[in-house]
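Trainee: Dropping in coords_39.tsv, with TSV, C-alpha atoms.
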```tsv
chain	number	residue	atom	x	y	z
M	21	MET	CA	-7.73	-12.39	22.09
M	22	ALA	CA	-4.71	-12.69	19.83
M	23	ASN	CA	-4.39	-14.90	16.76
M	24	ILE	CA	-1.07	-16.76	17.12
M	25	GLY	CA	0.96	-18.98	14.80
M	26	VAL	CA	3.54	-21.37	16.25
M	27	LEU	CA	6.26	-22.65	13.92
M	28	GLY	CA	7.61	-25.89	15.34
M	29	ALA	CA	5.99	-28.66	17.38
M	30	GLY	CA	8.79	-29.60	19.77
M	31	THR	CA	8.37	-29.66	23.54
M	32	TRP	CA	8.95	-25.93	24.04
M	33	GLY	CA	6.71	-24.86	21.19
M	34	ILE	CA	3.88	-27.11	22.34
M	35	ALA	CA	4.24	-26.16	26.01
M	36	LEU	CA	3.91	-22.50	25.04
M	37	ALA	CA	1.13	-23.19	22.52
M	38	ARG	CA	-0.82	-24.93	25.29
M	39	MET	CA	-0.25	-22.02	27.68
M	40	LEU	CA	-1.23	-19.41	25.10
M	41	CYS	CA	-4.41	-21.31	24.28
M	42	LEU	CA	-5.29	-21.50	27.98
M	43	ASN	CA	-4.62	-17.74	28.13
M	44	GLY	CA	-7.58	-17.38	25.74
M	45	HIS	CA	-5.74	-16.94	22.45
M	46	SER	CA	-6.34	-18.67	19.12
M	47	VAL	CA	-3.34	-20.88	18.34
M	48	THR	CA	-2.27	-22.64	15.13
M	49	VAL	CA	0.77	-24.94	15.21
M	50	TRP	CA	2.82	-25.71	12.11
M	51	SER	CA	5.30	-28.54	11.68
M	52	ALA	CA	7.22	-29.84	8.69
M	53	VAL	CA	7.01	-33.32	10.24
M	54	GLN	CA	3.62	-34.85	9.47
M	55	LYS	CA	4.08	-37.58	12.09
M	56	GLU	CA	4.31	-34.93	14.82
M	57	LEU	CA	1.06	-33.36	13.67
M	58	ASP	CA	-0.73	-36.71	13.47
M	59	VAL	CA	0.18	-37.59	17.08
M	60	LEU	CA	-0.84	-34.17	18.39
M	61	LYS	CA	-4.14	-34.24	16.50
M	62	SER	CA	-5.08	-37.75	17.57
M	63	LYS	CA	-3.80	-37.90	21.16
M	64	HIS	CA	-3.67	-34.23	22.21
M	65	GLU	CA	-0.42	-35.06	23.99
M	66	HIS	CA	3.25	-34.57	23.18
M	67	PRO	CA	5.33	-37.76	23.58
M	68	ASN	CA	8.07	-35.87	25.45
M	69	LEU	CA	5.75	-33.99	27.83
M	70	GLY	CA	4.35	-36.97	29.70
M	71	ASN	CA	0.60	-37.15	30.18
M	72	VAL	CA	0.00	-33.40	29.92
M	73	LYS	CA	-3.23	-32.78	28.03
M	74	ILE	CA	-3.10	-30.23	25.20
M	75	PRO	CA	-6.28	-28.25	24.52
M	76	GLU	CA	-8.31	-29.59	21.62
M	77	GLU	CA	-8.91	-26.02	20.45
M	78	ILE	CA	-5.35	-25.78	19.09
M	79	LEU	CA	-5.23	-26.14	15.31
M	80	TYR	CA	-2.46	-28.07	13.52
M	81	THR	CA	-1.27	-27.59	9.97
M	82	ASP	CA	1.46	-28.55	7.54
M	83	SER	CA	0.88	-25.28	5.68
M	84	ILE	CA	3.31	-22.60	6.82
M	85	GLU	CA	1.16	-20.05	4.98
M	86	GLN	CA	-1.83	-20.94	7.16
M	87	ALA	CA	0.30	-20.62	10.32
M	88	CYS	CA	1.57	-17.15	9.38
M	89	GLU	CA	-0.96	-15.16	7.38
M	90	GLY	CA	-3.30	-12.96	9.38
M	91	LYS	CA	-1.67	-13.73	12.72
M	92	ASN	CA	-1.01	-11.03	15.32
M	93	LEU	CA	2.01	-12.94	16.56
M	94	ILE	CA	4.21	-15.63	15.01
M	95	MET	CA	6.45	-17.70	17.27
M	96	PHE	CA	9.54	-19.46	15.96
M	97	SER	CA	10.05	-22.56	18.13
M	98	VAL	CA	12.08	-24.79	15.82
M	99	ALA	CA	15.56	-25.86	16.96
M	100	SER	CA	18.30	-23.35	16.16
M	101	PRO	CA	19.76	-25.24	13.14
M	102	TYR	CA	16.37	-24.92	11.41
M	103	VAL	CA	15.56	-21.28	12.15
M	104	ARG	CA	17.02	-19.96	8.89
M	105	THR	CA	15.29	-22.47	6.62
M	106	THR	CA	12.00	-21.96	8.48
M	107	ALA	CA	12.30	-18.18	8.21
M	108	GLU	CA	13.08	-18.52	4.51
M	109	ARG	CA	9.93	-20.61	3.98
M	110	ALA	CA	7.75	-18.30	6.06
M	111	ALA	CA	9.06	-14.93	4.86
M	112	LYS	CA	6.62	-14.30	2.02
M	113	TYR	CA	3.68	-14.91	4.36
M	114	ILE	CA	4.87	-12.54	7.12
M	115	ALA	CA	4.03	-8.82	7.15
M	116	PRO	CA	6.14	-6.12	8.86
M	117	GLN	CA	3.39	-5.20	11.33
M	118	GLN	CA	3.24	-8.72	12.79
M	119	ILE	CA	5.08	-9.47	16.04
M	120	ILE	CA	7.74	-12.17	15.64
M	121	VAL	CA	8.79	-14.09	18.76
M	122	ASP	CA	11.85	-16.31	18.74
M	123	VAL	CA	12.22	-18.91	21.50
M	124	ALA	CA	15.08	-20.86	19.90
M	125	LYS	CA	18.52	-20.37	21.48
M	126	GLY	CA	21.66	-20.41	19.39
M	127	ILE	CA	24.19	-18.60	17.21
M	128	GLU	CA	24.86	-19.44	13.58
M	129	ALA	CA	28.44	-20.68	13.28
M	130	ASP	CA	29.41	-19.19	9.91
M	131	THR	CA	27.65	-15.80	10.15
M	132	LEU	CA	27.77	-15.44	13.98
M	133	MET	CA	24.17	-14.21	13.81
M	134	THR	CA	21.74	-14.64	16.69
M	135	MET	CA	18.37	-16.23	15.98
M	136	SER	CA	16.57	-12.88	15.76
M	137	ALA	CA	19.20	-11.60	13.33
M	138	ILE	CA	18.73	-14.70	11.15
M	139	ILE	CA	14.98	-14.20	11.07
M	140	ASN	CA	15.40	-10.51	10.22
M	141	ASP	CA	17.92	-11.40	7.51
M	142	GLU	CA	15.53	-13.79	5.77
M	143	LEU	CA	12.51	-11.50	6.09
M	144	SER	CA	14.50	-8.56	4.70
M	145	LYS	CA	15.34	-10.53	1.57
M	146	VAL	CA	11.63	-10.73	0.76
M	147	HIS	CA	10.68	-7.30	2.15
M	148	PRO	CA	13.72	-5.08	1.53
M	149	GLY	CA	13.81	-1.83	3.48
M	150	LYS	CA	11.13	-2.92	5.94
M	151	THR	CA	11.57	-3.03	9.73
M	152	PHE	CA	10.35	-6.09	11.58
M	153	ARG	CA	9.16	-6.31	15.17
M	154	ILE	CA	11.19	-9.21	16.55
M	155	VAL	CA	11.29	-10.30	20.19
M	156	ALA	CA	13.59	-12.82	21.87
M	157	LEU	CA	11.85	-14.74	24.66
M	158	SER	CA	14.38	-16.40	26.94
M	159	GLY	CA	14.98	-17.49	30.52
M	160	PRO	CA	15.01	-20.46	32.93
M	161	THR	CA	12.09	-22.29	31.36
M	162	HIS	CA	11.95	-26.07	31.11
M	163	ALA	CA	9.09	-27.04	28.82
M	164	GLU	CA	8.24	-29.95	31.11
M	165	GLU	CA	7.45	-27.54	33.97
M	166	VAL	CA	5.69	-24.86	31.90
M	167	ALA	CA	3.44	-27.59	30.48
M	168	ARG	CA	2.43	-28.48	34.05
M	169	ASP	CA	1.66	-24.85	34.96
M	170	LEU	CA	4.50	-24.62	37.48
M	171	PRO	CA	5.68	-21.08	38.38
M	172	THR	CA	8.13	-19.72	35.81
M	173	ALA	CA	9.70	-16.35	34.96
M	174	ILE	CA	11.04	-15.31	31.56
M	175	VAL	CA	12.40	-12.26	29.69
M	176	SER	CA	10.82	-10.59	26.66
M	177	SER	CA	13.61	-8.68	24.91
M	178	SER	CA	13.50	-6.44	21.88
M	179	LYS	CA	14.87	-3.23	20.42
M	180	ASP	CA	11.19	-2.36	19.96
M	181	ASN	CA	9.90	-1.75	23.50
M	182	GLY	CA	6.29	-1.80	22.32
M	183	ALA	CA	6.76	-5.26	20.84
M	184	ALA	CA	8.42	-6.52	24.04
M	185	GLN	CA	5.53	-5.18	26.12
M	186	TYR	CA	2.96	-6.73	23.76
M	187	VAL	CA	4.61	-10.13	24.20
M	188	GLN	CA	4.71	-9.55	27.96
M	189	GLU	CA	0.97	-8.98	27.93
M	190	ILE	CA	0.18	-11.98	25.70
M	191	PHE	CA	2.32	-14.52	27.57
M	192	MET	CA	1.90	-13.42	31.18
M	193	ASN	CA	-0.44	-15.27	33.55
M	194	THR	CA	-0.52	-16.56	37.13
M	195	CYS	CA	2.07	-19.25	36.28
M	196	MET	CA	4.28	-17.29	33.86
M	197	ARG	CA	5.79	-13.97	34.94
M	198	VAL	CA	7.31	-12.00	32.05
M	199	TYR	CA	9.88	-9.21	32.39
M	200	THR	CA	11.04	-6.90	29.59
M	201	ASN	CA	14.68	-6.15	28.71
M	202	SER	CA	16.00	-3.95	25.90
M	203	ASP	CA	19.39	-5.72	25.70
M	204	MET	CA	18.36	-8.16	23.00
M	205	LEU	CA	21.88	-9.21	22.02
M	206	GLY	CA	22.82	-9.90	25.64
M	207	VAL	CA	19.68	-11.98	26.19
M	208	GLU	CA	20.33	-14.04	23.07
M	209	LEU	CA	24.02	-14.55	23.88
M	210	CYS	CA	23.04	-15.89	27.30
M	211	GLY	CA	20.49	-18.26	25.79
M	212	ALA	CA	23.00	-19.75	23.37
M	213	LEU	CA	26.16	-19.90	25.47
M	214	LYS	CA	24.67	-21.19	28.74
M	215	ASN	CA	23.99	-24.48	26.94
M	216	ILE	CA	27.73	-25.03	26.53
M	217	ILE	CA	28.38	-24.47	30.23
M	218	ALA	CA	25.49	-26.80	31.07
M	219	LEU	CA	27.05	-29.45	28.85
M	220	ALA	CA	30.30	-29.04	30.81
M	221	ALA	CA	28.40	-29.29	34.11
M	222	GLY	CA	26.90	-32.55	32.94
M	223	VAL	CA	30.35	-33.87	32.05
M	224	SER	CA	31.51	-32.97	35.55
M	225	SER	CA	28.68	-34.97	37.12
M	226	GLY	CA	29.33	-37.87	34.78
M	227	LEU	CA	32.93	-37.95	35.98
M	228	GLY	CA	31.65	-38.33	39.53
M	229	PHE	CA	32.45	-34.83	40.74
M	230	GLY	CA	30.21	-33.08	43.24
M	231	ASP	CA	28.40	-29.85	43.94
M	232	ASN	CA	31.62	-27.90	44.44
M	233	ALA	CA	32.72	-28.54	40.88
M	234	LYS	CA	29.29	-27.77	39.44
M	235	ALA	CA	29.05	-24.49	41.37
M	236	ALA	CA	32.51	-23.51	40.13
M	237	LEU	CA	31.56	-24.28	36.53
M	238	ILE	CA	28.34	-22.26	36.77
M	239	THR	CA	30.09	-19.29	38.37
M	240	ARG	CA	33.11	-19.21	36.10
M	241	GLY	CA	30.88	-20.04	33.14
M	242	ILE	CA	28.75	-16.94	33.62
M	243	ALA	CA	32.00	-14.97	34.00
M	244	GLU	CA	33.08	-16.18	30.55
M	245	ILE	CA	29.72	-15.36	28.99
M	246	THR	CA	29.71	-11.93	30.63
M	247	ARG	CA	33.25	-11.16	29.39
M	248	LEU	CA	32.19	-11.87	25.85
M	249	GLY	CA	28.93	-9.95	26.21
M	250	LEU	CA	30.70	-6.85	27.53
M	251	ALA	CA	33.20	-7.01	24.67
M	252	MET	CA	30.22	-7.07	22.28
M	253	GLY	CA	28.58	-4.04	23.92
M	254	CYS	CA	25.92	-5.75	26.03
M	255	ASN	CA	24.61	-4.66	29.44
M	256	GLU	CA	26.28	-6.40	32.39
M	257	GLN	CA	22.95	-6.56	34.29
M	258	THR	CA	21.55	-8.90	31.63
M	259	PHE	CA	24.03	-11.59	32.63
M	260	LEU	CA	23.00	-11.29	36.29
M	261	GLY	CA	19.32	-11.72	35.42
M	262	LEU	CA	16.88	-14.43	34.36
M	263	ALA	CA	18.26	-14.82	30.83
M	264	GLY	CA	21.82	-15.06	32.19
M	265	ILE	CA	22.58	-16.67	35.52
M	266	GLY	CA	18.95	-17.78	35.92
M	267	ASP	CA	18.86	-19.81	32.72
M	268	LEU	CA	22.38	-21.13	33.33
M	269	ILE	CA	21.50	-22.42	36.81
M	270	VAL	CA	18.44	-24.34	35.65
M	271	THR	CA	20.13	-25.75	32.53
M	272	ALA	CA	23.26	-26.83	34.39
M	273	THR	CA	21.51	-28.45	37.35
M	274	SER	CA	18.35	-30.13	36.08
M	275	MET	CA	18.02	-33.51	34.41
M	276	HIS	CA	15.20	-31.96	32.35
M	277	SER	CA	18.11	-30.32	30.52
M	278	ARG	CA	19.15	-32.24	27.43
M	279	ASN	CA	22.54	-30.47	27.52
M	280	ASN	CA	23.12	-31.61	31.09
M	281	ARG	CA	22.02	-35.18	30.31
M	282	CYS	CA	24.19	-35.35	27.22
M	283	GLY	CA	27.21	-34.03	29.13
M	284	TYR	CA	26.59	-36.56	31.92
M	285	ARG	CA	26.85	-39.47	29.48
M	286	ILE	CA	29.96	-37.99	27.86
M	287	GLY	CA	31.53	-37.72	31.32
M	288	GLN	CA	30.74	-41.39	31.86
M	289	GLY	CA	32.81	-42.23	28.81
M	290	ILE	CA	30.06	-42.60	26.21
M	291	PRO	CA	31.01	-41.33	22.70
M	292	VAL	CA	29.52	-37.93	21.89
M	293	SER	CA	27.41	-39.20	18.99
M	294	GLN	CA	25.90	-41.92	21.18
M	295	ALA	CA	25.22	-39.47	24.01
M	296	VAL	CA	23.36	-37.16	21.60
M	297	SER	CA	21.41	-40.11	20.22
M	298	GLU	CA	20.39	-41.18	23.72
M	299	VAL	CA	19.02	-37.72	24.50
M	300	GLY	CA	16.81	-38.07	21.43
M	301	MET	CA	16.45	-34.32	20.83
M	302	VAL	CA	18.68	-31.51	19.59
M	303	VAL	CA	21.56	-30.78	22.00
M	304	GLU	CA	21.93	-27.02	21.49
M	305	GLY	CA	25.14	-26.79	23.55
M	306	ILE	CA	27.04	-28.83	20.97
M	307	ASN	CA	25.58	-26.75	18.13
M	308	ALA	CA	26.63	-23.51	19.86
M	309	ILE	CA	30.29	-24.41	20.39
M	310	PRO	CA	31.69	-23.43	16.93
M	311	ALA	CA	30.08	-19.96	17.09
M	312	ALA	CA	31.28	-19.44	20.67
M	313	ILE	CA	34.85	-20.30	19.70
M	314	ASN	CA	34.69	-17.94	16.71
M	315	LEU	CA	33.24	-15.10	18.80
M	316	ALA	CA	35.91	-15.55	21.49
M	317	GLU	CA	38.61	-15.28	18.83
M	318	LYS	CA	36.94	-12.33	17.10
M	319	TYR	CA	36.62	-10.29	20.31
M	320	ASN	CA	39.85	-11.60	21.87
M	321	VAL	CA	38.04	-12.93	24.95
M	322	GLU	CA	39.36	-15.76	27.12
M	323	MET	CA	36.78	-18.58	27.47
M	324	PRO	CA	38.62	-21.63	28.87
M	325	ILE	CA	35.52	-23.67	29.80
M	326	VAL	CA	34.09	-23.21	26.31
M	327	GLU	CA	37.46	-24.14	24.82
M	328	MET	CA	37.63	-27.34	26.87
M	329	ALA	CA	34.03	-28.22	25.96
M	330	ASP	CA	35.05	-27.87	22.33
M	331	ALA	CA	38.14	-30.03	22.88
M	332	VAL	CA	36.09	-32.78	24.54
M	333	VAL	CA	33.32	-32.78	21.93
M	334	SER	CA	35.87	-32.91	19.10
M	335	SER	CA	37.78	-35.70	20.91
M	336	LYS	CA	41.00	-33.70	21.20
M	337	VAL	CA	41.12	-34.43	24.93
M	338	THR	CA	39.27	-36.75	27.31
M	339	PRO	CA	36.94	-35.27	29.92
M	340	LYS	CA	39.49	-36.05	32.65
M	341	GLU	CA	42.25	-34.35	30.69
M	342	ALA	CA	40.02	-31.30	30.20
M	343	VAL	CA	39.47	-31.02	33.94
M	344	HIS	CA	43.22	-31.27	34.60
M	345	LEU	CA	43.93	-28.54	32.04
M	346	LEU	CA	41.32	-26.24	33.60
M	347	MET	CA	42.50	-26.84	37.16
M	348	THR	CA	46.18	-26.26	36.33
M	349	ARG	CA	45.79	-23.02	34.38
M	350	SER	CA	47.96	-20.11	35.45
M	351	LYS	CA	46.90	-18.13	38.52
M	352	LYS	CA	44.16	-15.55	37.95
M	353	ASN	CA	42.26	-12.79	39.70
M	354	GLU	CA	38.56	-13.61	40.04
M	355	LYS	CA	37.41	-10.33	38.48
M	356	ILE	CA	35.66	-10.75	35.16
```
Could you express the structure from this file as structure tokens?
Mentor:
Amino acid sequence: MANIGVLGAGTWGIALARMLCLNGHSVTVWSAVQKELDVLKSKHEHPNLGNVKIPEEILYTDSIEQACEGKNLIMFSVASPYVRTTAERAAKYIAPQQIIVDVAKGIEADTLMTMSAIINDELSKVHPGKTFRIVALSGPTHAEEVARDLPTAIVSSSKDNGAAQYVQEIFMNTCMRVYTNSDMLGVELCGALKNIIALAAGVSSGLGFGDNAKAALITRGIAEITRLGLAMGCNEQTFLGLAGIGDLIVTATSMHSRNNRCGYRIGQGIPVSQAVSEVGMVVEGINAIPAAINLAEKYNVEMPIVEMADAVVSSKVTPKEAVHLLMTRSKKNEKI
């Protein structure tokens, strides 16, 4: 049995906390939002996970020290904009031998750091010269389905193969199949950038377009992500796997996806701020756009769907105008 701390009480963090507890592990969940903790303690349900019952054995705390110290594994499940501040708060309570798992998906706009790099950056400030065992856990994994024990597959990725295999062992069960992958940067790029393509797919549906358009967006979207990943030294196979095309398919096609839902409302003509408000949770695709634009410029990679998503979100063009601009681009060869 492992002793696990979960930082963040959103749908994904709680779905995984529930699963880990049912796997026989001791789980402590931390949140900076006392209201979240009160609901979880009193009802043993998450308001965004339906009537799924959460094991009463899970402990809840507003002390980040309690959630980190003495744990075999610490999971960061806060939304990407809060990963740095959470890592900064937790750093003095985390030891180098502990396994750190990040399940947030994003890239920091100003530093262009992935989530694992942000966590490592903050931990290194408190423990200079130390090496940390950080794992990115990513793939086609809607919290709503994991919480209901529906079959799911995911990727445990790390530069430390032993850490990746440890996470594989801890998380794997009859409902969750875990694969390992050493291309950590590729896995994290996929997790962040697929949200932008899913946002665009939602816009397409909101405009009334059909399956043809969505399939084209998914296919050309993964081509854009792969182009960038190859320019950054990643493994092409990563983009063809669960963290790449797998996660993109589920995020771009399911109404469980907040990015897809938000894009749908934007396509219907709803202002971006209102669409985000209606979703009621963080829309990671919008957060990822500035970093994606900066990375495309830095590595001189053409990413027209990402560019049009940026133009729509910043109100430079309407969704219909964005579609026209994409469809009337100069002739291209399909090769990546």
Trainee: So that I can see what lies close to Ile84 (chain M), please list as a list of chain:residue names the residues with an atom at most 7 Å from it, counting all atoms listed in the file and leaving out residues fewer than 4 positions away in the same chain.
Mentor: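 Skipping anything fewer than 4 positions along the chain leaves M:Trp50, M:Cys88, M:Ala110.
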Trainee: Once you have the residues from the selection above, write them out as a PDB file, in the frame of the given file, restricted to C-alpha atoms.
Mentor:
```
ATOM      1  CA  TRP M  50       2.820 -25.710  12.110  1.00  0.00           C
ATOM      2  CA  CYS M  88       1.570 -17.150   9.380  1.00  0.00           C
ATOM      3  CA  ALA M 110       7.750 -18.300   6.060  1.00  0.00           C
TER       4      ALA M 110
END
```
Trainee: Which one of M:Tyr284, M:Trp32, M:Tyr199, M:Tyr319 sits closest to Met252 (chain M) if you count all atoms listed in the file?
Mentor: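 Closest to Met252 (chain M) of all the choices is M:Tyr319.
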Trainee: Could you tell me how far CA of Ala22 (chain M) sits from CA of Ser202 (chain M), in Å to one decimal place?
Mentor: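 Distance reported for this atom pair: 23.3 Å.
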Trainee: Within 12 Å of Thr134 (chain M), counting all atoms listed in the file, which residues qualify if same-chain residues fewer than 4 places away don't, as an MDAnalysis selection string?
Mentor: chainID M and resid 100:101 103:104 122:130 138:141 154:156 204:213 308 311:312 315
Trainee: So, with all atoms listed in the file as the atoms that count, which of M:Lys112, M:Ala167, M:Gly253, M:Ile120 lies closest to Pro148 (chain M)?
Mentor: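 Nearest to Pro148 (chain M): M:Lys112.
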Trainee: Using all atoms listed in the file - which residues lie no farther than 12 Å from the point (-0.8, -33.3, 14.2) in the file's frame? Write them as a ChimeraX atom specification.
Mentor: /M:28-30,34,48-66,74,76,78-83
Trainee: Go through M:Leu260, M:Ser158, M:Ile313, M:Phe229 one by one, measure the shortest atom-to-atom distance of each to Val343 (chain M) using all atoms listed in the file, and give the residue with the smallest value.
Mentor: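 Selected residue with least distance to Val343 (chain M): M:Phe229.
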Trainee: I need the residue nearest Val166 (chain M) from this list: M:Ala107, M:Cys195, M:Val98, M:Ile238. Use all atoms listed in the file for the distance.
Mentor: M:Cys195
Trainee: Restricting the calculation to all atoms listed in the file, which member of M:Ile265, M:Ile286, M:Ile309, M:Leu27 is positioned closest to Ala99 (chain M)?
Mentor: M:Leu27
Trainee: What is the distance between CA of Gly182 (chain M) and CA of Ser97 (chain M), in Å to one decimal?
Mentor: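 So the answer is 21.5 Å.
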Trainee: I'd like to know which of M:Ala243, M:Met328, M:Val299, M:Ile190 is closest to Asn353 (chain M), using all atoms listed in the file.
Mentor: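 Of M:Ala243, M:Met328, M:Val299, M:Ile190, the one nearest Asn353 (chain M) is M:Ala243, counting all atoms listed in the file.
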Trainee: Any idea what's packed within 8 Å of Ala173 (chain M), counting only C-alpha atoms, ignoring anything in its chain fewer than 3 positions away? Could you give it as a PyMOL selection string?
Mentor: chain M and resi 159-161+196-199+262
Trainee: Take CA of Gly222 (chain M) and CA of Thr273 (chain M) and report the distance between them in Å, one decimal.
Mentor: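 Separation between CA of Gly222 (chain M) and CA of Thr273 (chain M): 8.1 Å.
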